[in-house]
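Right, one structure below, let's go through it.
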Amino acid sequence: AYPVNLSLFVAGPYYSQPLTAVFSTPLIGQTFPMTVSFAIKPLEAKLQLSTAAIARDVAINMQTIISVVVTNIGQAPTGNLTARLPPIAFLSLAGGETIPSLAPGEAATISILATPTTIGRASGGMQISGPNLGVILPLNLNVVSLSTGDLTVLCEDE
């Protein structure tokens, strides 16, 4: 096997066409034509979350703010994004469902408000989506009480 170097320069955001290229290798001093088919995709947006999942305790009868950062790690703007919570009655979004378009490298913080009124567990996935892209953030919440009290233990030797 011989190393081959190829450089392509293409105008426009999208290009797809067969190409005849001339390759040369310095090892054997020869050139040879070769037809190569290629496609250059349009630039795309890609979302990345600051965490893969949220698993935590939240206190009953208290509001807890859970924040997650969504970043566009792609090469194109996202278009407007929509955040949708799972059907858990005590969850809401602090800033509403719509997130303005994110430019490449830009980030936005989504704040989830948890205000549970009963003890228990709740789980589901928050969807963050836009035109032709989306991610799901798993949520696993354990609603606990922060109540404290006194406990007296009496031991008798029989």
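Residue numbering restarts at 1 in every chain; chains get A, B, ... in the order shown in the structure tokens, and ligands count up from 1 in that same order.
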inquiry  = Can you pull out the residues contacting range 88-104 of chain A? Cut-off 6 Å, using only C-alpha atoms, and skip same-chain residues under 2 positions away; I want them as an NGL selection string.
reply    = :A and (72 or 74-83 or 86 or 106 or 111-116)
Output N, CA, C and O atoms for every residue in that selection, as a short mmCIF file (atom, residue, chain, number, x, y, z; two decimals), in the first residue's frame.
```cif
data_model
loop_
_atom_site.label_atom_id
_atom_site.label_comp_id
_atom_site.auth_asym_id
_atom_site.auth_seq_id
_atom_site.Cartn_x
_atom_site.Cartn_y
_atom_site.Cartn_z
N ASN A 72 -24.67 24.28 20.93
CA ASN A 72 -24.62 23.89 19.52
C ASN A 72 -23.16 23.64 19.17
O ASN A 72 -22.37 24.56 19.04
N GLY A 74 -22.32 22.06 16.41
CA GLY A 74 -22.28 21.89 14.97
C GLY A 74 -21.70 23.11 14.27
O GLY A 74 -21.15 24.01 14.90
N GLN A 75 -21.87 23.13 12.94
CA GLN A 75 -21.31 24.22 12.14
C GLN A 75 -22.37 25.16 11.58
O GLN A 75 -22.05 26.08 10.83
N ALA A 76 -23.65 24.94 11.91
CA ALA A 76 -24.73 25.78 11.39
C ALA A 76 -25.65 26.18 12.54
O ALA A 76 -25.69 25.51 13.58
N PRO A 77 -26.42 27.26 12.40
CA PRO A 77 -27.39 27.64 13.43
C PRO A 77 -28.45 26.55 13.60
O PRO A 77 -28.77 25.82 12.67
N THR A 78 -29.01 26.47 14.80
CA THR A 78 -29.98 25.41 15.12
C THR A 78 -31.39 25.72 14.62
O THR A 78 -32.18 24.81 14.43
N GLY A 79 -31.72 26.98 14.43
CA GLY A 79 -33.13 27.35 14.29
C GLY A 79 -33.72 27.35 15.70
O GLY A 79 -33.08 26.89 16.66
N ASN A 80 -34.92 27.87 15.86
CA ASN A 80 -35.53 27.90 17.19
C ASN A 80 -35.68 26.48 17.73
O ASN A 80 -36.05 25.57 17.00
N LEU A 81 -35.38 26.33 19.02
CA LEU A 81 -35.49 25.04 19.69
C LEU A 81 -36.70 25.04 20.61
O LEU A 81 -37.14 26.09 21.08
N THR A 82 -37.21 23.84 20.89
CA THR A 82 -38.33 23.69 21.82
C THR A 82 -37.93 22.69 22.90
O THR A 82 -37.42 21.61 22.60
N ALA A 83 -38.14 23.06 24.16
CA ALA A 83 -37.90 22.16 25.29
C ALA A 83 -39.25 21.67 25.79
O ALA A 83 -40.14 22.49 26.06
N PRO A 86 -41.32 15.97 30.47
CA PRO A 86 -42.19 14.80 30.54
C PRO A 86 -43.44 15.15 31.35
O PRO A 86 -43.45 16.16 32.08
N GLU A 106 -22.55 28.49 20.39
CA GLU A 106 -23.38 29.22 21.37
C GLU A 106 -24.12 28.24 22.27
O GLU A 106 -24.45 27.13 21.86
N SER A 111 -33.69 26.13 32.64
CA SER A 111 -33.95 25.97 34.08
C SER A 111 -35.28 25.27 34.28
O SER A 111 -36.33 25.75 33.85
N ILE A 112 -35.20 24.12 34.94
CA ILE A 112 -36.39 23.32 35.26
C ILE A 112 -36.75 23.61 36.71
O ILE A 112 -35.89 23.54 37.60
N LEU A 113 -38.02 23.94 36.94
CA LEU A 113 -38.49 24.18 38.31
C LEU A 113 -39.22 22.94 38.80
O LEU A 113 -40.17 22.48 38.15
N ALA A 114 -38.76 22.41 39.92
CA ALA A 114 -39.41 21.24 40.54
C ALA A 114 -40.04 21.70 41.85
O ALA A 114 -39.35 22.20 42.73
N THR A 115 -41.37 21.54 41.96
CA THR A 115 -42.09 21.94 43.17
C THR A 115 -43.02 20.80 43.58
O THR A 115 -44.24 20.89 43.42
N PRO A 116 -42.46 19.70 44.10
CA PRO A 116 -43.29 18.54 44.43
C PRO A 116 -44.10 18.73 45.70
O PRO A 116 -43.69 19.44 46.62
#
```
message = Give me, as an NGL selection string, all polymer residues having an atom no more than 6 Å from range 66-71 of chain A, counting only C-alpha atoms and skipping those fewer than 4 positions away in the same chain.
response = :A and (47-50 or 106-112)
As a PDB file with all heavy atoms, in the first residue's frame, please: all residues of range 72-137 of chain A that backbone DSSP puts in strand (DSSP E or B).
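Listed below is the output, result.pdb:
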```pdb
ATOM      1  N   ASN A  72     -24.672  24.281  20.926  1.00  0.00           N
ATOM      2  CA  ASN A  72     -24.624  23.895  19.520  1.00  0.00           C
ATOM      3  C   ASN A  72     -23.159  23.637  19.168  1.00  0.00           C
ATOM      4  O   ASN A  72     -22.368  24.559  19.043  1.00  0.00           O
ATOM      5  CB  ASN A  72     -25.190  25.007  18.629  1.00  0.00           C
ATOM      6  CG  ASN A  72     -25.123  24.663  17.156  1.00  0.00           C
ATOM      7  OD1 ASN A  72     -24.740  23.569  16.766  1.00  0.00           O
ATOM      8  ND2 ASN A  72     -25.497  25.616  16.321  1.00  0.00           N
ATOM      9  N   LEU A  81     -35.384  26.328  19.019  1.00  0.00           N
ATOM     10  CA  LEU A  81     -35.491  25.037  19.689  1.00  0.00           C
ATOM     11  C   LEU A  81     -36.701  25.044  20.612  1.00  0.00           C
ATOM     12  O   LEU A  81     -37.137  26.092  21.082  1.00  0.00           O
ATOM     13  CB  LEU A  81     -34.228  24.753  20.502  1.00  0.00           C
ATOM     14  CG  LEU A  81     -32.909  24.714  19.733  1.00  0.00           C
ATOM     15  CD1 LEU A  81     -31.737  24.618  20.693  1.00  0.00           C
ATOM     16  CD2 LEU A  81     -32.904  23.553  18.754  1.00  0.00           C
ATOM     17  N   THR A  82     -37.212  23.845  20.890  1.00  0.00           N
ATOM     18  CA  THR A  82     -38.326  23.691  21.816  1.00  0.00           C
ATOM     19  C   THR A  82     -37.930  22.693  22.897  1.00  0.00           C
ATOM     20  O   THR A  82     -37.418  21.613  22.595  1.00  0.00           O
ATOM     21  CB  THR A  82     -39.582  23.173  21.084  1.00  0.00           C
ATOM     22  OG1 THR A  82     -39.915  24.097  20.054  1.00  0.00           O
ATOM     23  CG2 THR A  82     -40.765  23.051  22.040  1.00  0.00           C
ATOM     24  N   ALA A  83     -38.140  23.059  24.159  1.00  0.00           N
ATOM     25  CA  ALA A  83     -37.900  22.165  25.291  1.00  0.00           C
ATOM     26  C   ALA A  83     -39.250  21.675  25.791  1.00  0.00           C
ATOM     27  O   ALA A  83     -40.142  22.487  26.056  1.00  0.00           O
ATOM     28  CB  ALA A  83     -37.149  22.896  26.401  1.00  0.00           C
ATOM     29  N   ARG A  84     -39.397  20.355  25.895  1.00  0.00           N
ATOM     30  CA  ARG A  84     -40.655  19.763  26.372  1.00  0.00           C
ATOM     31  C   ARG A  84     -40.361  18.827  27.533  1.00  0.00           C
ATOM     32  O   ARG A  84     -39.568  17.892  27.407  1.00  0.00           O
ATOM     33  CB  ARG A  84     -41.350  19.008  25.248  1.00  0.00           C
ATOM     34  CG  ARG A  84     -41.936  19.930  24.207  1.00  0.00           C
ATOM     35  CD  ARG A  84     -42.926  19.197  23.298  1.00  0.00           C
ATOM     36  NE  ARG A  84     -43.544  20.137  22.391  1.00  0.00           N
ATOM     37  CZ  ARG A  84     -43.060  20.463  21.198  1.00  0.00           C
ATOM     38  NH1 ARG A  84     -41.946  19.914  20.777  1.00  0.00           N
ATOM     39  NH2 ARG A  84     -43.687  21.323  20.429  1.00  0.00           N
ATOM     40  N   LEU A  91     -43.268  19.627  37.560  1.00  0.00           N
ATOM     41  CA  LEU A  91     -42.183  20.240  36.797  1.00  0.00           C
ATOM     42  C   LEU A  91     -42.699  21.341  35.878  1.00  0.00           C
ATOM     43  O   LEU A  91     -43.774  21.222  35.292  1.00  0.00           O
ATOM     44  CB  LEU A  91     -41.460  19.194  35.939  1.00  0.00           C
ATOM     45  CG  LEU A  91     -40.687  18.104  36.667  1.00  0.00           C
ATOM     46  CD1 LEU A  91     -40.025  17.171  35.656  1.00  0.00           C
ATOM     47  CD2 LEU A  91     -39.651  18.688  37.615  1.00  0.00           C
ATOM     48  N   SER A  92     -41.911  22.405  35.746  1.00  0.00           N
ATOM     49  CA  SER A  92     -42.213  23.469  34.781  1.00  0.00           C
ATOM     50  C   SER A  92     -40.890  24.071  34.314  1.00  0.00           C
ATOM     51  O   SER A  92     -39.841  23.848  34.914  1.00  0.00           O
ATOM     52  CB  SER A  92     -43.110  24.545  35.402  1.00  0.00           C
ATOM     53  OG  SER A  92     -42.455  25.183  36.481  1.00  0.00           O
ATOM     54  N   LEU A  93     -40.959  24.823  33.228  1.00  0.00           N
ATOM     55  CA  LEU A  93     -39.771  25.486  32.693  1.00  0.00           C
ATOM     56  C   LEU A  93     -39.788  26.954  33.094  1.00  0.00           C
ATOM     57  O   LEU A  93     -40.787  27.641  32.904  1.00  0.00           O
ATOM     58  CB  LEU A  93     -39.731  25.363  31.169  1.00  0.00           C
ATOM     59  CG  LEU A  93     -39.494  23.945  30.648  1.00  0.00           C
ATOM     60  CD1 LEU A  93     -39.790  23.863  29.159  1.00  0.00           C
ATOM     61  CD2 LEU A  93     -38.067  23.510  30.931  1.00  0.00           C
ATOM     62  N   THR A  98     -39.668  27.815  24.381  1.00  0.00           N
ATOM     63  CA  THR A  98     -38.907  28.205  23.193  1.00  0.00           C
ATOM     64  C   THR A  98     -37.517  28.727  23.554  1.00  0.00           C
ATOM     65  O   THR A  98     -37.364  29.569  24.430  1.00  0.00           O
ATOM     66  CB  THR A  98     -39.667  29.278  22.391  1.00  0.00           C
ATOM     67  OG1 THR A  98     -40.940  28.760  22.027  1.00  0.00           O
ATOM     68  CG2 THR A  98     -38.917  29.667  21.137  1.00  0.00           C
ATOM     69  N   ILE A  99     -36.527  28.196  22.857  1.00  0.00           N
ATOM     70  CA  ILE A  99     -35.138  28.644  22.995  1.00  0.00           C
ATOM     71  C   ILE A  99     -34.753  29.242  21.646  1.00  0.00           C
ATOM     72  O   ILE A  99     -34.849  28.558  20.621  1.00  0.00           O
ATOM     73  CB  ILE A  99     -34.207  27.462  23.334  1.00  0.00           C
ATOM     74  CG1 ILE A  99     -34.678  26.778  24.622  1.00  0.00           C
ATOM     75  CG2 ILE A  99     -32.755  27.923  23.442  1.00  0.00           C
ATOM     76  CD1 ILE A  99     -34.098  25.402  24.825  1.00  0.00           C
ATOM     77  N   ALA A 107     -24.409  28.673  23.490  1.00  0.00           N
ATOM     78  CA  ALA A 107     -25.088  27.830  24.480  1.00  0.00           C
ATOM     79  C   ALA A 107     -26.249  28.577  25.117  1.00  0.00           C
ATOM     80  O   ALA A 107     -26.290  29.802  25.098  1.00  0.00           O
ATOM     81  CB  ALA A 107     -24.093  27.392  25.552  1.00  0.00           C
ATOM     82  N   ALA A 108     -27.172  27.812  25.679  1.00  0.00           N
ATOM     83  CA  ALA A 108     -28.297  28.376  26.429  1.00  0.00           C
ATOM     84  C   ALA A 108     -28.532  27.506  27.660  1.00  0.00           C
ATOM     85  O   ALA A 108     -28.338  26.286  27.619  1.00  0.00           O
ATOM     86  CB  ALA A 108     -29.558  28.417  25.570  1.00  0.00           C
ATOM     87  N   THR A 109     -28.939  28.139  28.743  1.00  0.00           N
ATOM     88  CA  THR A 109     -29.253  27.410  29.969  1.00  0.00           C
ATOM     89  C   THR A 109     -30.753  27.228  30.076  1.00  0.00           C
ATOM     90  O   THR A 109     -31.517  28.185  29.924  1.00  0.00           O
ATOM     91  CB  THR A 109     -28.724  28.170  31.206  1.00  0.00           C
ATOM     92  OG1 THR A 109     -27.303  28.297  31.087  1.00  0.00           O
ATOM     93  CG2 THR A 109     -29.061  27.427  32.489  1.00  0.00           C
ATOM     94  N   ILE A 110     -31.149  25.989  30.323  1.00  0.00           N
ATOM     95  CA  ILE A 110     -32.561  25.668  30.534  1.00  0.00           C
ATOM     96  C   ILE A 110     -32.730  25.428  32.033  1.00  0.00           C
ATOM     97  O   ILE A 110     -32.001  24.628  32.630  1.00  0.00           O
ATOM     98  CB  ILE A 110     -32.969  24.408  29.747  1.00  0.00           C
ATOM     99  CG1 ILE A 110     -32.746  24.632  28.255  1.00  0.00           C
ATOM    100  CG2 ILE A 110     -34.414  24.026  30.039  1.00  0.00           C
ATOM    101  CD1 ILE A 110     -32.857  23.374  27.425  1.00  0.00           C
ATOM    102  N   SER A 111     -33.691  26.134  32.642  1.00  0.00           N
ATOM    103  CA  SER A 111     -33.947  25.971  34.076  1.00  0.00           C
ATOM    104  C   SER A 111     -35.277  25.267  34.276  1.00  0.00           C
ATOM    105  O   SER A 111     -36.328  25.753  33.846  1.00  0.00           O
ATOM    106  CB  SER A 111     -33.958  27.327  34.784  1.00  0.00           C
ATOM    107  OG  SER A 111     -32.675  27.919  34.707  1.00  0.00           O
ATOM    108  N   ILE A 112     -35.203  24.117  34.942  1.00  0.00           N
ATOM    109  CA  ILE A 112     -36.389  23.320  35.257  1.00  0.00           C
ATOM    110  C   ILE A 112     -36.749  23.606  36.709  1.00  0.00           C
ATOM    111  O   ILE A 112     -35.891  23.544  37.599  1.00  0.00           O
ATOM    112  CB  ILE A 112     -36.097  21.814  35.083  1.00  0.00           C
ATOM    113  CG1 ILE A 112     -35.597  21.528  33.668  1.00  0.00           C
ATOM    114  CG2 ILE A 112     -37.327  20.980  35.419  1.00  0.00           C
ATOM    115  CD1 ILE A 112     -34.981  20.143  33.505  1.00  0.00           C
ATOM    116  N   LEU A 113     -38.018  23.943  36.943  1.00  0.00           N
ATOM    117  CA  LEU A 113     -38.488  24.180  38.308  1.00  0.00           C
ATOM    118  C   LEU A 113     -39.217  22.935  38.795  1.00  0.00           C
ATOM    119  O   LEU A 113     -40.168  22.475  38.154  1.00  0.00           O
ATOM    120  CB  LEU A 113     -39.431  25.386  38.340  1.00  0.00           C
ATOM    121  CG  LEU A 113     -38.878  26.699  37.795  1.00  0.00           C
ATOM    122  CD1 LEU A 113     -39.944  27.784  37.831  1.00  0.00           C
ATOM    123  CD2 LEU A 113     -37.653  27.132  38.578  1.00  0.00           C
ATOM    124  N   ALA A 114     -38.765  22.405  39.924  1.00  0.00           N
ATOM    125  CA  ALA A 114     -39.414  21.242  40.539  1.00  0.00           C
ATOM    126  C   ALA A 114     -40.039  21.697  41.848  1.00  0.00           C
ATOM    127  O   ALA A 114     -39.350  22.203  42.731  1.00  0.00           O
ATOM    128  CB  ALA A 114     -38.402  20.132  40.782  1.00  0.00           C
ATOM    129  N   GLY A 120     -42.187  10.579  46.696  1.00  0.00           N
ATOM    130  CA  GLY A 120     -42.198   9.494  45.713  1.00  0.00           C
ATOM    131  C   GLY A 120     -41.109   9.691  44.673  1.00  0.00           C
ATOM    132  O   GLY A 120     -40.240  10.548  44.819  1.00  0.00           O
ATOM    133  N   ARG A 121     -41.193   8.910  43.628  1.00  0.00           N
ATOM    134  CA  ARG A 121     -40.225   8.994  42.532  1.00  0.00           C
ATOM    135  C   ARG A 121     -40.924   9.422  41.256  1.00  0.00           C
ATOM    136  O   ARG A 121     -42.091   9.090  41.042  1.00  0.00           O
ATOM    137  CB  ARG A 121     -39.540   7.653  42.299  1.00  0.00           C
ATOM    138  CG  ARG A 121     -38.676   7.206  43.453  1.00  0.00           C
ATOM    139  CD  ARG A 121     -37.941   5.911  43.097  1.00  0.00           C
ATOM    140  NE  ARG A 121     -37.181   5.428  44.223  1.00  0.00           N
ATOM    141  CZ  ARG A 121     -35.947   5.809  44.521  1.00  0.00           C
ATOM    142  NH1 ARG A 121     -35.340   6.691  43.759  1.00  0.00           N
ATOM    143  NH2 ARG A 121     -35.314   5.319  45.562  1.00  0.00           N
ATOM    144  N   ALA A 122     -40.207  10.142  40.419  1.00  0.00           N
ATOM    145  CA  ALA A 122     -40.739  10.559  39.120  1.00  0.00           C
ATOM    146  C   ALA A 122     -39.612  10.459  38.101  1.00  0.00           C
ATOM    147  O   ALA A 122     -38.471  10.815  38.390  1.00  0.00           O
ATOM    148  CB  ALA A 122     -41.267  11.985  39.193  1.00  0.00           C
ATOM    149  N   SER A 123     -39.945   9.970  36.919  1.00  0.00           N
ATOM    150  CA  SER A 123     -38.921   9.877  35.871  1.00  0.00           C
ATOM    151  C   SER A 123     -39.547  10.101  34.503  1.00  0.00           C
ATOM    152  O   SER A 123     -40.758   9.968  34.318  1.00  0.00           O
ATOM    153  CB  SER A 123     -38.212   8.520  35.925  1.00  0.00           C
ATOM    154  OG  SER A 123     -39.129   7.481  35.680  1.00  0.00           O
ATOM    155  N   GLY A 124     -38.712  10.454  33.567  1.00  0.00           N
ATOM    156  CA  GLY A 124     -39.142  10.706  32.202  1.00  0.00           C
ATOM    157  C   GLY A 124     -38.006  11.362  31.452  1.00  0.00           C
ATOM    158  O   GLY A 124     -36.885  11.467  31.955  1.00  0.00           O
ATOM    159  N   GLY A 125     -38.280  11.825  30.247  1.00  0.00           N
ATOM    160  CA  GLY A 125     -37.250  12.456  29.441  1.00  0.00           C
ATOM    161  C   GLY A 125     -37.679  13.825  28.954  1.00  0.00           C
ATOM    162  O   GLY A 125     -38.786  13.985  28.444  1.00  0.00           O
ATOM    163  N   MET A 126     -36.805  14.821  29.124  1.00  0.00           N
ATOM    164  CA  MET A 126     -37.059  16.148  28.578  1.00  0.00           C
ATOM    165  C   MET A 126     -36.515  16.170  27.148  1.00  0.00           C
ATOM    166  O   MET A 126     -35.357  15.821  26.909  1.00  0.00           O
ATOM    167  CB  MET A 126     -36.377  17.241  29.398  1.00  0.00           C
ATOM    168  CG  MET A 126     -36.638  18.633  28.816  1.00  0.00           C
ATOM    169  SD  MET A 126     -35.985  20.001  29.798  1.00  0.00           S
ATOM    170  CE  MET A 126     -34.245  19.833  29.545  1.00  0.00           C
ATOM    171  N   GLN A 127     -37.360  16.571  26.205  1.00  0.00           N
ATOM    172  CA  GLN A 127     -36.956  16.643  24.801  1.00  0.00           C
ATOM    173  C   GLN A 127     -36.564  18.074  24.451  1.00  0.00           C
ATOM    174  O   GLN A 127     -37.293  19.011  24.768  1.00  0.00           O
ATOM    175  CB  GLN A 127     -38.088  16.197  23.897  1.00  0.00           C
ATOM    176  CG  GLN A 127     -38.519  14.772  24.102  1.00  0.00           C
ATOM    177  CD  GLN A 127     -39.702  14.402  23.212  1.00  0.00           C
ATOM    178  OE1 GLN A 127     -40.262  15.240  22.521  1.00  0.00           O
ATOM    179  NE2 GLN A 127     -40.074  13.136  23.250  1.00  0.00           N
ATOM    180  N   ILE A 128     -35.433  18.205  23.786  1.00  0.00           N
ATOM    181  CA  ILE A 128     -35.005  19.492  23.251  1.00  0.00           C
ATOM    182  C   ILE A 128     -34.841  19.265  21.754  1.00  0.00           C
ATOM    183  O   ILE A 128     -34.012  18.449  21.330  1.00  0.00           O
ATOM    184  CB  ILE A 128     -33.686  19.960  23.884  1.00  0.00           C
ATOM    185  CG1 ILE A 128     -33.842  20.031  25.409  1.00  0.00           C
ATOM    186  CG2 ILE A 128     -33.273  21.315  23.321  1.00  0.00           C
ATOM    187  CD1 ILE A 128     -32.542  20.129  26.156  1.00  0.00           C
ATOM    188  N   SER A 129     -35.674  19.950  20.968  1.00  0.00           N
ATOM    189  CA  SER A 129     -35.660  19.667  19.530  1.00  0.00           C
ATOM    190  C   SER A 129     -35.793  20.943  18.715  1.00  0.00           C
ATOM    191  O   SER A 129     -36.236  21.978  19.190  1.00  0.00           O
ATOM    192  CB  SER A 129     -36.785  18.695  19.181  1.00  0.00           C
ATOM    193  OG  SER A 129     -38.035  19.236  19.545  1.00  0.00           O
ATOM    194  N   GLY A 130     -35.373  20.808  17.462  1.00  0.00           N
ATOM    195  CA  GLY A 130     -35.459  21.895  16.500  1.00  0.00           C
ATOM    196  C   GLY A 130     -35.600  21.296  15.122  1.00  0.00           C
ATOM    197  O   GLY A 130     -35.791  20.085  14.991  1.00  0.00           O
ATOM    198  N   LEU A 133     -33.169  18.149  14.264  1.00  0.00           N
ATOM    199  CA  LEU A 133     -32.243  17.742  15.314  1.00  0.00           C
ATOM    200  C   LEU A 133     -32.975  17.662  16.641  1.00  0.00           C
ATOM    201  O   LEU A 133     -34.053  18.222  16.796  1.00  0.00           O
ATOM    202  CB  LEU A 133     -31.055  18.692  15.425  1.00  0.00           C
ATOM    203  CG  LEU A 133     -31.251  20.044  16.098  1.00  0.00           C
ATOM    204  CD1 LEU A 133     -29.906  20.543  16.579  1.00  0.00           C
ATOM    205  CD2 LEU A 133     -31.838  21.049  15.150  1.00  0.00           C
ATOM    206  N   GLY A 134     -32.376  16.952  17.582  1.00  0.00           N
ATOM    207  CA  GLY A 134     -32.975  16.858  18.904  1.00  0.00           C
ATOM    208  C   GLY A 134     -32.167  15.960  19.820  1.00  0.00           C
ATOM    209  O   GLY A 134     -31.360  15.153  19.374  1.00  0.00           O
ATOM    210  N   VAL A 135     -32.377  16.141  21.107  1.00  0.00           N
ATOM    211  CA  VAL A 135     -31.766  15.312  22.145  1.00  0.00           C
ATOM    212  C   VAL A 135     -32.801  15.079  23.237  1.00  0.00           C
ATOM    213  O   VAL A 135     -33.758  15.836  23.377  1.00  0.00           O
ATOM    214  CB  VAL A 135     -30.494  15.958  22.754  1.00  0.00           C
ATOM    215  CG1 VAL A 135     -29.361  16.004  21.753  1.00  0.00           C
ATOM    216  CG2 VAL A 135     -30.785  17.334  23.302  1.00  0.00           C
ATOM    217  N   ILE A 136     -32.592  14.015  24.001  1.00  0.00           N
ATOM    218  CA  ILE A 136     -33.465  13.711  25.143  1.00  0.00           C
ATOM    219  C   ILE A 136     -32.596  13.639  26.393  1.00  0.00           C
ATOM    220  O   ILE A 136     -31.552  12.985  26.395  1.00  0.00           O
ATOM    221  CB  ILE A 136     -34.229  12.394  24.932  1.00  0.00           C
ATOM    222  CG1 ILE A 136     -35.173  12.538  23.740  1.00  0.00           C
ATOM    223  CG2 ILE A 136     -35.002  12.001  26.192  1.00  0.00           C
ATOM    224  CD1 ILE A 136     -35.925  11.272  23.382  1.00  0.00           C
ATOM    225  N   LEU A 137     -33.044  14.320  27.436  1.00  0.00           N
ATOM    226  CA  LEU A 137     -32.350  14.313  28.717  1.00  0.00           C
ATOM    227  C   LEU A 137     -33.162  13.478  29.702  1.00  0.00           C
ATOM    228  O   LEU A 137     -34.253  13.888  30.105  1.00  0.00           O
ATOM    229  CB  LEU A 137     -32.189  15.743  29.251  1.00  0.00           C
ATOM    230  CG  LEU A 137     -31.573  15.870  30.639  1.00  0.00           C
ATOM    231  CD1 LEU A 137     -30.114  15.410  30.626  1.00  0.00           C
ATOM    232  CD2 LEU A 137     -31.675  17.301  31.130  1.00  0.00           C
TER     233      LEU A 137
END
```
key: Length of the CA of Ser147 in chain A to CA of Gln63 in chain A vector [Å]   = 15.5 Å
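Here CA of Asp150 in chain A and CA of Asp57 in chain A stand 23.0 Å from one another.
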note = One residue among A:Glu158, A:Pro138, A:Val153, A:Leu146 is nearest to Ile54 in chain A when using only C-alpha atoms, and that residue is A:Pro138
